[in-house]
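The data block below is entry-v1.cif; it holds mmCIF, C-alpha atoms.
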data_coords
#
loop_
_atom_site.group_PDB
_atom_site.id
_atom_site.type_symbol
_atom_site.label_atom_id
_atom_site.label_comp_id
_atom_site.auth_asym_id
_atom_site.auth_seq_id
_atom_site.Cartn_x
_atom_site.Cartn_y
_atom_site.Cartn_z
ATOM 1 C CA MET B 399 -21.648 -109.969 257.590
ATOM 2 C CA ASN B 400 -19.183 -109.496 260.433
ATOM 3 C CA THR B 401 -21.123 -110.150 263.635
ATOM 4 C CA SER B 402 -18.184 -109.814 266.032
ATOM 5 C CA GLN B 403 -18.390 -106.029 265.818
ATOM 6 C CA PRO B 404 -21.853 -104.948 264.649
ATOM 7 C CA THR B 405 -22.084 -102.695 261.607
ATOM 8 C CA ALA B 406 -24.884 -100.622 260.155
ATOM 9 C CA ALA B 407 -26.105 -98.694 257.155
ATOM 10 C CA VAL B 408 -28.669 -95.891 256.933
ATOM 11 C CA LEU B 409 -31.062 -95.567 254.010
ATOM 12 C CA LEU B 410 -32.729 -92.161 253.713
ATOM 13 C CA ILE B 411 -35.813 -92.308 251.516
ATOM 14 C CA GLY B 412 -37.570 -89.440 249.797
ATOM 15 C CA ASP B 413 -37.643 -87.178 246.753
ATOM 16 C CA GLU B 414 -37.860 -84.222 249.132
ATOM 17 C CA ILE B 415 -34.358 -84.934 250.451
ATOM 18 C CA LEU B 416 -32.839 -85.279 246.985
ATOM 19 C CA SER B 417 -34.523 -82.084 245.791
ATOM 20 C CA GLY B 418 -33.254 -80.104 248.773
ATOM 21 C CA ARG B 419 -36.794 -79.362 249.952
ATOM 22 C CA THR B 420 -36.147 -81.222 253.212
ATOM 23 C CA LYS B 421 -32.815 -80.908 255.006
ATOM 24 C CA ASP B 422 -32.063 -84.280 256.554
ATOM 25 C CA LYS B 423 -31.417 -84.420 260.295
ATOM 26 C CA ASN B 424 -31.779 -88.165 260.779
ATOM 27 C CA LEU B 425 -28.355 -89.298 259.595
ATOM 28 C CA GLY B 426 -26.474 -87.245 262.178
ATOM 29 C CA PHE B 427 -28.739 -88.435 264.970
ATOM 30 C CA LEU B 428 -28.349 -92.084 263.978
ATOM 31 C CA ALA B 429 -24.570 -91.735 263.626
ATOM 32 C CA ASP B 430 -24.301 -90.398 267.185
ATOM 33 C CA TYR B 431 -26.776 -92.930 268.564
ATOM 34 C CA LEU B 432 -25.126 -95.954 266.987
ATOM 35 C CA THR B 433 -21.617 -94.799 267.932
ATOM 36 C CA ALA B 434 -22.719 -94.662 271.570
ATOM 37 C CA LEU B 435 -23.938 -98.268 271.254
ATOM 38 C CA GLY B 436 -20.655 -99.447 269.753
ATOM 39 C CA ILE B 437 -22.228 -100.091 266.340
ATOM 40 C CA ASP B 438 -20.114 -98.942 263.392
ATOM 41 C CA LEU B 439 -22.073 -96.939 260.841
ATOM 42 C CA LYS B 440 -20.362 -97.863 257.565
ATOM 43 C CA GLU B 441 -22.578 -96.488 254.832
ATOM 44 C CA ALA B 442 -25.424 -94.063 254.141
ATOM 45 C CA ARG B 443 -27.523 -93.814 250.987
ATOM 46 C CA VAL B 444 -30.309 -91.562 249.777
ATOM 47 C CA VAL B 445 -32.877 -92.924 247.318
ATOM 48 C CA SER B 446 -35.944 -91.464 245.664
ATOM 49 C CA ASP B 447 -39.536 -92.556 246.181
ATOM 50 C CA ALA B 448 -39.223 -95.361 243.649
ATOM 51 C CA GLU B 449 -40.148 -98.876 244.725
ATOM 52 C CA GLU B 450 -37.509 -100.644 242.638
ATOM 53 C CA GLU B 451 -34.748 -98.345 243.894
ATOM 54 C CA ILE B 452 -35.740 -98.720 247.525
ATOM 55 C CA ALA B 453 -35.999 -102.514 247.282
ATOM 56 C CA ALA B 454 -32.626 -102.774 245.522
ATOM 57 C CA ALA B 455 -30.945 -100.588 248.135
ATOM 58 C CA VAL B 456 -32.489 -102.543 251.020
ATOM 59 C CA ASN B 457 -31.286 -105.844 249.571
ATOM 60 C CA ALA B 458 -27.790 -104.525 248.888
ATOM 61 C CA LEU B 459 -27.379 -103.113 252.381
ATOM 62 C CA ARG B 460 -29.007 -105.865 254.442
ATOM 63 C CA SER B 461 -26.695 -108.477 252.970
ATOM 64 C CA ARG B 462 -23.610 -106.431 253.755
ATOM 65 C CA TYR B 463 -24.208 -105.025 257.247
ATOM 66 C CA THR B 464 -25.501 -106.273 260.576
ATOM 67 C CA TYR B 465 -28.313 -103.707 260.630
ATOM 68 C CA VAL B 466 -30.052 -101.385 258.188
ATOM 69 C CA PHE B 467 -32.057 -98.355 259.342
ATOM 70 C CA THR B 468 -34.441 -96.689 256.913
ATOM 71 C CA THR B 469 -36.193 -93.368 257.445
ATOM 72 C CA GLY B 470 -39.061 -91.911 255.456
ATOM 73 C CA GLY B 471 -41.915 -93.092 253.295
ATOM 74 C CA ILE B 472 -44.237 -94.809 255.784
ATOM 75 C CA GLY B 473 -47.001 -92.186 255.930
ATOM 76 C CA PRO B 474 -50.536 -92.082 254.453
ATOM 77 C CA THR B 475 -49.880 -90.526 251.025
ATOM 78 C CA HIS B 476 -49.447 -92.065 247.572
ATOM 79 C CA ASP B 477 -45.662 -91.627 247.600
ATOM 80 C CA ASP B 478 -45.214 -93.369 250.966
ATOM 81 C CA ILE B 479 -44.134 -96.693 249.471
ATOM 82 C CA THR B 480 -41.343 -97.847 251.770
ATOM 83 C CA ALA B 481 -43.394 -100.640 253.328
ATOM 84 C CA ASP B 482 -44.298 -102.002 249.886
ATOM 85 C CA ALA B 483 -40.678 -101.767 248.761
ATOM 86 C CA VAL B 484 -39.393 -103.616 251.829
ATOM 87 C CA ALA B 485 -42.004 -106.336 251.314
ATOM 88 C CA LYS B 486 -40.794 -106.640 247.735
ATOM 89 C CA ALA B 487 -37.159 -106.801 248.860
ATOM 90 C CA PHE B 488 -37.940 -109.707 251.197
ATOM 91 C CA GLY B 489 -40.323 -111.388 248.780
ATOM 92 C CA VAL B 490 -43.306 -111.356 251.142
ATOM 93 C CA ALA B 491 -46.880 -110.099 250.967
ATOM 94 C CA ILE B 492 -48.067 -106.910 252.648
ATOM 95 C CA ASP B 493 -51.385 -106.375 254.411
ATOM 96 C CA HIS B 494 -53.049 -104.468 257.219
ATOM 97 C CA ASP B 495 -51.526 -105.716 260.463
ATOM 98 C CA PRO B 496 -54.307 -106.290 263.047
ATOM 99 C CA LYS B 497 -52.261 -104.921 265.931
ATOM 100 C CA ALA B 498 -51.246 -101.852 263.927
ATOM 101 C CA VAL B 499 -54.890 -101.276 262.940
ATOM 102 C CA ASP B 500 -55.977 -101.457 266.601
ATOM 103 C CA ILE B 501 -53.271 -98.972 267.609
ATOM 104 C CA LEU B 502 -54.306 -96.497 264.931
ATOM 105 C CA LEU B 503 -58.057 -96.845 265.495
ATOM 106 C CA ALA B 504 -57.628 -96.186 269.224
ATOM 107 C CA TYR B 505 -55.442 -93.170 268.504
ATOM 108 C CA PHE B 506 -57.808 -91.705 265.906
ATOM 109 C CA LYS B 507 -60.707 -92.078 268.331
ATOM 110 C CA GLU B 508 -58.679 -90.360 271.034
ATOM 111 C CA ILE B 509 -57.881 -87.337 268.865
ATOM 112 C CA GLY B 510 -61.208 -87.251 267.040
ATOM 113 C CA ARG B 511 -59.831 -88.029 263.596
ATOM 114 C CA GLU B 512 -61.570 -90.057 260.905
ATOM 115 C CA PRO B 513 -59.921 -93.477 260.318
ATOM 116 C CA ASN B 514 -60.128 -93.204 256.543
ATOM 117 C CA GLU B 515 -58.460 -95.447 253.968
ATOM 118 C CA ALA B 516 -55.438 -93.180 253.573
ATOM 119 C CA ARG B 517 -54.674 -93.088 257.293
ATOM 120 C CA LEU B 518 -55.086 -96.839 257.618
ATOM 121 C CA ARG B 519 -52.408 -97.282 254.933
ATOM 122 C CA MET B 520 -50.006 -96.714 257.814
ATOM 123 C CA ALA B 521 -51.114 -100.085 259.235
ATOM 124 C CA ARG B 522 -49.977 -101.963 256.113
ATOM 125 C CA ILE B 523 -47.004 -104.050 257.248
ATOM 126 C CA PRO B 524 -45.009 -106.766 255.420
ATOM 127 C CA VAL B 525 -46.058 -110.235 256.536
ATOM 128 C CA GLY B 526 -43.678 -111.519 259.206
ATOM 129 C CA ALA B 527 -42.498 -108.096 260.375
ATOM 130 C CA THR B 528 -42.450 -106.970 264.008
ATOM 131 C CA LEU B 529 -43.872 -103.567 264.916
ATOM 132 C CA ILE B 530 -41.721 -100.724 266.233
ATOM 133 C CA ASP B 531 -43.392 -98.578 268.888
ATOM 134 C CA ASN B 532 -44.155 -94.961 268.016
ATOM 135 C CA PRO B 533 -44.892 -93.026 271.217
ATOM 136 C CA VAL B 534 -45.306 -89.724 269.338
ATOM 137 C CA SER B 535 -47.912 -90.243 266.596
ATOM 138 C CA LYS B 536 -48.683 -93.957 267.198
ATOM 139 C CA ALA B 537 -48.318 -95.103 263.553
ATOM 140 C CA PRO B 538 -45.788 -97.916 264.028
ATOM 141 C CA GLY B 539 -42.591 -98.607 262.197
ATOM 142 C CA PHE B 540 -41.520 -102.196 261.719
ATOM 143 C CA GLN B 541 -38.575 -104.586 261.770
ATOM 144 C CA MET B 542 -38.138 -107.074 258.952
ATOM 145 C CA GLY B 543 -35.115 -109.292 259.505
ATOM 146 C CA ASN B 544 -32.179 -106.976 260.142
ATOM 147 C CA VAL B 545 -33.952 -103.970 258.585
ATOM 148 C CA PHE B 546 -35.601 -101.339 260.805
ATOM 149 C CA VAL B 547 -38.128 -99.154 259.000
ATOM 150 C CA MET B 548 -38.867 -95.836 260.692
ATOM 151 C CA ALA B 549 -40.533 -92.504 260.080
ATOM 152 C CA GLY B 550 -38.803 -89.639 258.341
ATOM 153 C CA VAL B 551 -39.957 -86.961 260.797
ATOM 154 C CA PRO B 552 -36.962 -86.559 263.132
ATOM 155 C CA LYS B 553 -38.964 -86.293 266.369
ATOM 156 C CA ILE B 554 -40.814 -89.521 265.570
ATOM 157 C CA MET B 555 -37.751 -91.401 264.333
ATOM 158 C CA ASN B 556 -35.783 -90.407 267.430
ATOM 159 C CA ALA B 557 -38.530 -91.755 269.664
ATOM 160 C CA MET B 558 -38.739 -95.011 267.679
ATOM 161 C CA MET B 559 -35.052 -95.655 268.311
ATOM 162 C CA GLU B 560 -35.778 -96.173 271.996
ATOM 163 C CA ASP B 561 -37.666 -99.359 271.079
ATOM 164 C CA VAL B 562 -35.197 -100.329 268.356
ATOM 165 C CA ALA B 563 -32.197 -100.014 270.687
ATOM 166 C CA THR B 564 -33.501 -102.825 272.898
ATOM 167 C CA ARG B 565 -33.251 -105.217 269.914
ATOM 168 C CA LEU B 566 -29.680 -104.438 268.894
ATOM 169 C CA THR B 567 -26.507 -106.319 269.727
ATOM 170 C CA LYS B 568 -24.164 -103.696 271.071
ATOM 171 C CA GLY B 569 -20.440 -103.542 270.400
ATOM 172 C CA VAL B 570 -17.482 -101.957 272.186
ATOM 173 C CA PRO B 571 -17.848 -98.159 271.906
ATOM 174 C CA MET B 572 -15.102 -96.158 270.255
ATOM 175 C CA GLN B 573 -13.046 -93.882 272.488
ATOM 176 C CA SER B 574 -11.779 -90.616 271.026
ATOM 177 C CA ARG B 575 -9.208 -87.906 271.700
ATOM 178 C CA THR B 576 -8.846 -84.566 269.923
ATOM 179 C CA ILE B 577 -6.039 -82.034 269.531
ATOM 180 C CA GLU B 578 -6.664 -78.599 268.060
ATOM 181 C CA PHE B 579 -3.475 -78.035 266.081
ATOM 182 C CA ARG B 580 -2.967 -74.377 265.230
ATOM 183 C CA GLY B 581 -1.147 -74.846 261.989
ATOM 184 C CA GLY B 582 -1.650 -75.937 258.402
ATOM 185 C CA GLU B 583 -2.791 -79.423 257.492
ATOM 186 C CA GLY B 584 0.055 -79.749 254.990
ATOM 187 C CA ASP B 585 2.680 -79.407 257.738
ATOM 188 C CA VAL B 586 1.137 -82.106 259.881
ATOM 189 C CA ALA B 587 0.330 -84.562 257.074
ATOM 190 C CA LYS B 588 3.619 -86.491 256.829
ATOM 191 C CA PRO B 589 4.359 -86.997 260.559
ATOM 192 C CA LEU B 590 0.697 -87.783 261.209
ATOM 193 C CA GLY B 591 0.817 -90.462 258.518
ATOM 194 C CA GLU B 592 3.852 -92.012 260.200
ATOM 195 C CA ILE B 593 1.993 -92.159 263.519
ATOM 196 C CA GLN B 594 -0.973 -93.777 261.792
ATOM 197 C CA LYS B 595 1.302 -96.518 260.421
ATOM 198 C CA ALA B 596 2.747 -97.092 263.895
ATOM 199 C CA TYR B 597 -0.710 -97.429 265.472
ATOM 200 C CA PRO B 598 -2.987 -99.299 263.021
ATOM 201 C CA ALA B 599 -5.558 -99.967 265.749
ATOM 202 C CA VAL B 600 -6.180 -96.219 265.978
ATOM 203 C CA VAL B 601 -8.161 -94.313 263.346
ATOM 204 C CA ILE B 602 -6.620 -90.871 262.918
ATOM 205 C CA GLY B 603 -8.431 -88.086 261.088
ATOM 206 C CA SER B 604 -7.368 -84.563 260.169
ATOM 207 C CA TYR B 605 -10.083 -81.907 259.824
ATOM 208 C CA PRO B 606 -8.936 -78.397 258.794
ATOM 209 C CA PHE B 607 -10.795 -75.204 259.612
ATOM 210 C CA GLN B 608 -10.212 -71.457 259.597
ATOM 211 C CA ALA B 609 -9.467 -70.123 263.086
ATOM 212 C CA ALA B 610 -9.391 -66.454 264.071
ATOM 213 C CA ASP B 611 -5.584 -66.397 263.844
ATOM 214 C CA GLY B 612 -5.156 -68.506 260.702
ATOM 215 C CA PHE B 613 -5.429 -72.069 259.457
ATOM 216 C CA ALA B 614 -5.955 -74.771 262.081
ATOM 217 C CA THR B 615 -6.623 -78.497 262.105
ATOM 218 C CA ASN B 616 -8.495 -80.760 264.477
ATOM 219 C CA LEU B 617 -6.617 -84.029 264.860
ATOM 220 C CA VAL B 618 -9.023 -86.740 265.993
ATOM 221 C CA LEU B 619 -7.925 -90.172 267.211
ATOM 222 C CA ARG B 620 -10.418 -93.026 267.681
ATOM 223 C CA SER B 621 -9.950 -96.582 268.930
ATOM 224 C CA ARG B 622 -11.604 -99.314 270.971
ATOM 225 C CA ASP B 623 -8.270 -100.057 272.681
ATOM 226 C CA GLU B 624 -7.911 -97.285 275.247
ATOM 227 C CA ALA B 625 -4.291 -98.108 276.138
ATOM 228 C CA VAL B 626 -3.155 -97.969 272.503
ATOM 229 C CA LEU B 627 -5.241 -94.827 271.993
ATOM 230 C CA GLU B 628 -3.377 -93.079 274.806
ATOM 231 C CA GLN B 629 -0.031 -94.101 273.310
ATOM 232 C CA ALA B 630 -0.973 -92.711 269.916
ATOM 233 C CA PHE B 631 -2.356 -89.570 271.529
ATOM 234 C CA ALA B 632 0.961 -89.015 273.324
ATOM 235 C CA ALA B 633 2.782 -89.435 270.009
ATOM 236 C CA VAL B 634 0.558 -86.854 268.319
ATOM 237 C CA LYS B 635 1.112 -84.374 271.156
ATOM 238 C CA ALA B 636 4.887 -84.875 270.899
ATOM 239 C CA MET B 637 4.694 -84.330 267.132
ATOM 240 C CA ALA B 638 2.703 -81.111 267.681
ATOM 241 C CA ASP B 639 5.347 -79.875 270.131
ATOM 242 C CA GLU B 640 8.089 -80.524 267.562
ATOM 243 C CA LEU B 641 6.262 -78.567 264.876
ATOM 244 C CA VAL B 642 5.720 -75.636 267.236
ATOM 245 C CA THR B 643 9.408 -75.635 268.151
ATOM 246 C CA ALA B 644 10.318 -75.729 264.449
ATOM 247 C CA GLY B 645 8.119 -72.696 263.820
ATOM 248 C CA LYS B 646 5.650 -74.637 261.655
ATOM 249 C CA ALA B 647 2.739 -74.214 264.041
ATOM 250 C CA ARG B 648 1.453 -71.555 266.434
ATOM 251 C CA GLY B 649 0.556 -74.051 269.159
ATOM 252 C CA TRP B 650 -1.931 -76.752 270.060
ATOM 253 C CA SER B 651 -4.478 -77.554 272.732
#
Can you present the structure in this file as structure tokens?
Amino acid sequence: MNTSQPTAAVLLIGDEILSGRTKDKNLGFLADYLTALGIDLKEARVVSDAEEEIAAAVNALRSRYTYVFTTGGIGPTHDDITADAVAKAFGVAIDHDPKAVDILLAYFKEIGREPNEARLRMARIPVGATLIDNPVSKAPGFQMGNVFVMAGVPKIMNAMMEDVATRLTKGVPMQSRTIEFRGGEGDVAKPLGEIQKAYPAVVIGSYPFQAADGFATNLVLRSRDEAVLEQAFAAVKAMADELVTAGKARGWS
């Protein structure tokens, strides 16, 4: 793993995501959140509620990236098996965590809910893990090594990240600049590629869309070196001006 600039992967867990029953909102949130912290999100996977598949994905990702964030599968039902799968991935036992049990019992008493066996499944934590605070529904997530295991419900997962963020090594955030080029992507491709070669420290992306007056392309430049970013941005603006003058674009902004 490269620890000089922290990297991350997201593992989305659940048959309901793969079937289309649930439309995932967690990946976008995590991408924005980690970008703001200067942590590069490098990979995202979706796996079914199968213990072997979850464990294999956790092991593959945790060995490759600085951090792994999982969402889903830590509730009270039979198919909530993420905690068991993570324990299997790390080769440790799993049991009811006393602190997690106390948190849940106090919460159930507060809301008048029976602390039955199914609900107390949410207190089963791999041995050696550290709890992640859940200010919404109290059932904790947990951290095992560089893996952060969180709820699948977006509101709960978002709240858990406030605790998780305090444990992360932050990197240098990416800076970005965008030009809306009112012309076809094919016309901008070659000169944009030449600018990319000239500025390897800048990541340049081209994202076409249909504007009211025809084809258009958002040109997005990203870099941690602000001075180099501004140089590349100036080059892209000059290129856009040349294409407008040549009649190959309607303008840019």
Result set of the PyMOL selection byres ((chain B and resi 515) around 12) on the coordinates above, as a PDB file with C-alpha atoms, in the coordinates of the input:
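Saved result, selection26.pdb, follows:
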ATOM      1  CA  PRO B 474     -50.536 -92.082 254.453  1.00  0.00           C
ATOM      2  CA  THR B 475     -49.880 -90.526 251.025  1.00  0.00           C
ATOM      3  CA  HIS B 476     -49.447 -92.065 247.572  1.00  0.00           C
ATOM      4  CA  HIS B 494     -53.049-104.468 257.219  1.00  0.00           C
ATOM      5  CA  VAL B 499     -54.890-101.276 262.940  1.00  0.00           C
ATOM      6  CA  LEU B 502     -54.306 -96.497 264.931  1.00  0.00           C
ATOM      7  CA  LEU B 503     -58.057 -96.845 265.495  1.00  0.00           C
ATOM      8  CA  GLU B 512     -61.570 -90.057 260.905  1.00  0.00           C
ATOM      9  CA  PRO B 513     -59.921 -93.477 260.318  1.00  0.00           C
ATOM     10  CA  ASN B 514     -60.128 -93.204 256.543  1.00  0.00           C
ATOM     11  CA  ALA B 516     -55.438 -93.180 253.573  1.00  0.00           C
ATOM     12  CA  ARG B 517     -54.674 -93.088 257.293  1.00  0.00           C
ATOM     13  CA  LEU B 518     -55.086 -96.839 257.618  1.00  0.00           C
ATOM     14  CA  ARG B 519     -52.408 -97.282 254.933  1.00  0.00           C
ATOM     15  CA  MET B 520     -50.006 -96.714 257.814  1.00  0.00           C
ATOM     16  CA  ALA B 521     -51.114-100.085 259.235  1.00  0.00           C
ATOM     17  CA  ARG B 522     -49.977-101.963 256.113  1.00  0.00           C
TER      18      ARG B 522
END
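If you look at atom CA of Pro552 of chain B and atom CA of Lys421 of chain B, they are 10.7 Å away from each other.
Taken over the shown file, the PyMOL selection byres ((chain B and resi 495) around 10) identifies Ile492, Asp493, His494, Pro496, Lys497, Ala498, Val499, Asp500, Ile501, Leu518, Met520, Ala521, Arg522, Ile523, Pro524, Val525, Gly526, Ala527, Thr528 and Leu529 of chain B.
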Inset, instruction - Tell me, as an MDAnalysis selection string, which residues lie within 9 Å of segment 463-471 of chain B, counting all atoms listed in the file; anything in the same chain fewer than 4 positions away does not count. - result: chainID B and resid 399:401 403:412 424 428 440 447 456 459 475 477:481 543:552 555 566
Inset, instruction - Just say which residues the PyMOL selection byres ((chain B and resi 641-643) around 12) picks in this file, as number ranges by chain. - result: B: 579-590, 634-640, 644-651
Contact residues around Ala563 of chain B with all atoms listed in the file at 10 Å, ignoring same-chain residues under 5 positions, as a PDB file with C-alpha atoms, keeping the file's coordinate frame:
ATOM      1  CA  TYR B 431     -26.776 -92.930 268.564  1.00  0.00           C
ATOM      2  CA  LEU B 432     -25.126 -95.954 266.987  1.00  0.00           C
ATOM      3  CA  LEU B 435     -23.938 -98.268 271.254  1.00  0.00           C
ATOM      4  CA  MET B 558     -38.739 -95.011 267.679  1.00  0.00           C
ATOM      5  CA  LYS B 568     -24.164-103.696 271.071  1.00  0.00           C
TER       6      LYS B 568
END
Inset, instruction - Using only C-alpha atoms, determine which residues lie at most 9 Å from segment 595-600 of chain B, disregarding the query and same-chain residues fewer than 4 positions distant; provide the list as a list in words. - result: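 In the requested format, the answer is Leu590, Gly591, Leu619, Arg620, Ser621, Arg622, Asp623, Val626, Leu627, Gln629 and Ala630 of chain B.
Residue neighbourhood of Ala453 of chain B, excluding near-sequence residues (fewer than 4 positions): B:Glu449, B:Asn457, B:Ala483, B:Val484, B:Lys486, B:Ala487, at 7 Å, using only C-alpha atoms.
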Written file, previous selection with C-alpha atoms, as a PDB file, in the frame of the given file:
ATOM      1  CA  GLU B 449     -40.148 -98.876 244.725  1.00  0.00           C
ATOM      2  CA  ASN B 457     -31.286-105.844 249.571  1.00  0.00           C
ATOM      3  CA  ALA B 483     -40.678-101.767 248.761  1.00  0.00           C
ATOM      4  CA  VAL B 484     -39.393-103.616 251.829  1.00  0.00           C
ATOM      5  CA  LYS B 486     -40.794-106.640 247.735  1.00  0.00           C
ATOM      6  CA  ALA B 487     -37.159-106.801 248.860  1.00  0.00           C
TER       7      ALA B 487
END
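Between atom CA of Ala454 of chain B and atom CA of Met559 of chain B the interatomic distance comes to 24.0 Å.
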Starting from the incomplete input, reconstruct N, CA and C atoms of segment 422-441 of chain B and report them as a compact mmCIF listing (two decimals), in the coordinates of the input.
# COMPACT_ATOMS: atom_id res chain seq x y z
N ASP B 422 -32.09 -83.11 255.68
CA ASP B 422 -32.06 -84.28 256.55
C ASP B 422 -31.38 -84.01 257.89
N LYS B 423 -31.99 -84.49 258.95
CA LYS B 423 -31.42 -84.42 260.30
C LYS B 423 -31.24 -85.81 260.90
N ASN B 424 -31.77 -86.82 260.20
CA ASN B 424 -31.78 -88.16 260.78
C ASN B 424 -30.42 -88.85 260.75
N LEU B 425 -29.64 -88.61 259.70
CA LEU B 425 -28.36 -89.30 259.60
C LEU B 425 -27.44 -88.94 260.75
N GLY B 426 -27.33 -87.66 261.07
CA GLY B 426 -26.47 -87.24 262.18
C GLY B 426 -26.91 -87.84 263.50
N PHE B 427 -28.22 -87.85 263.73
CA PHE B 427 -28.74 -88.44 264.97
C PHE B 427 -28.39 -89.91 265.07
N LEU B 428 -28.63 -90.65 263.97
CA LEU B 428 -28.35 -92.08 263.98
C LEU B 428 -26.86 -92.36 264.13
N ALA B 429 -26.02 -91.54 263.50
CA ALA B 429 -24.57 -91.74 263.63
C ALA B 429 -24.15 -91.61 265.08
N ASP B 430 -24.63 -90.59 265.77
CA ASP B 430 -24.30 -90.40 267.18
C ASP B 430 -24.86 -91.54 268.03
N TYR B 431 -26.09 -91.91 267.77
CA TYR B 431 -26.78 -92.93 268.56
C TYR B 431 -26.08 -94.28 268.44
N LEU B 432 -25.76 -94.66 267.21
CA LEU B 432 -25.13 -95.95 266.99
C LEU B 432 -23.70 -95.98 267.52
N THR B 433 -22.98 -94.87 267.39
CA THR B 433 -21.62 -94.80 267.93
C THR B 433 -21.63 -95.06 269.43
N ALA B 434 -22.61 -94.47 270.12
CA ALA B 434 -22.72 -94.66 271.57
C ALA B 434 -23.00 -96.12 271.93
N LEU B 435 -23.63 -96.86 271.02
CA LEU B 435 -23.94 -98.27 271.25
C LEU B 435 -22.81 -99.19 270.80
N GLY B 436 -21.76 -98.62 270.24
CA GLY B 436 -20.66 -99.45 269.75
C GLY B 436 -20.96 -100.13 268.44
N ILE B 437 -21.87 -99.55 267.66
CA ILE B 437 -22.23 -100.09 266.34
C ILE B 437 -21.62 -99.17 265.28
N ASP B 438 -20.81 -99.74 264.39
CA ASP B 438 -20.11 -98.94 263.39
C ASP B 438 -21.01 -98.62 262.20
N LEU B 439 -21.32 -97.35 262.02
CA LEU B 439 -22.07 -96.94 260.84
C LEU B 439 -21.10 -96.86 259.68
N LYS B 440 -21.30 -97.71 258.67
CA LYS B 440 -20.36 -97.86 257.56
C LYS B 440 -20.81 -97.21 256.27
N GLU B 441 -22.11 -97.00 256.12
CA GLU B 441 -22.58 -96.49 254.83
C GLU B 441 -23.91 -95.78 255.01
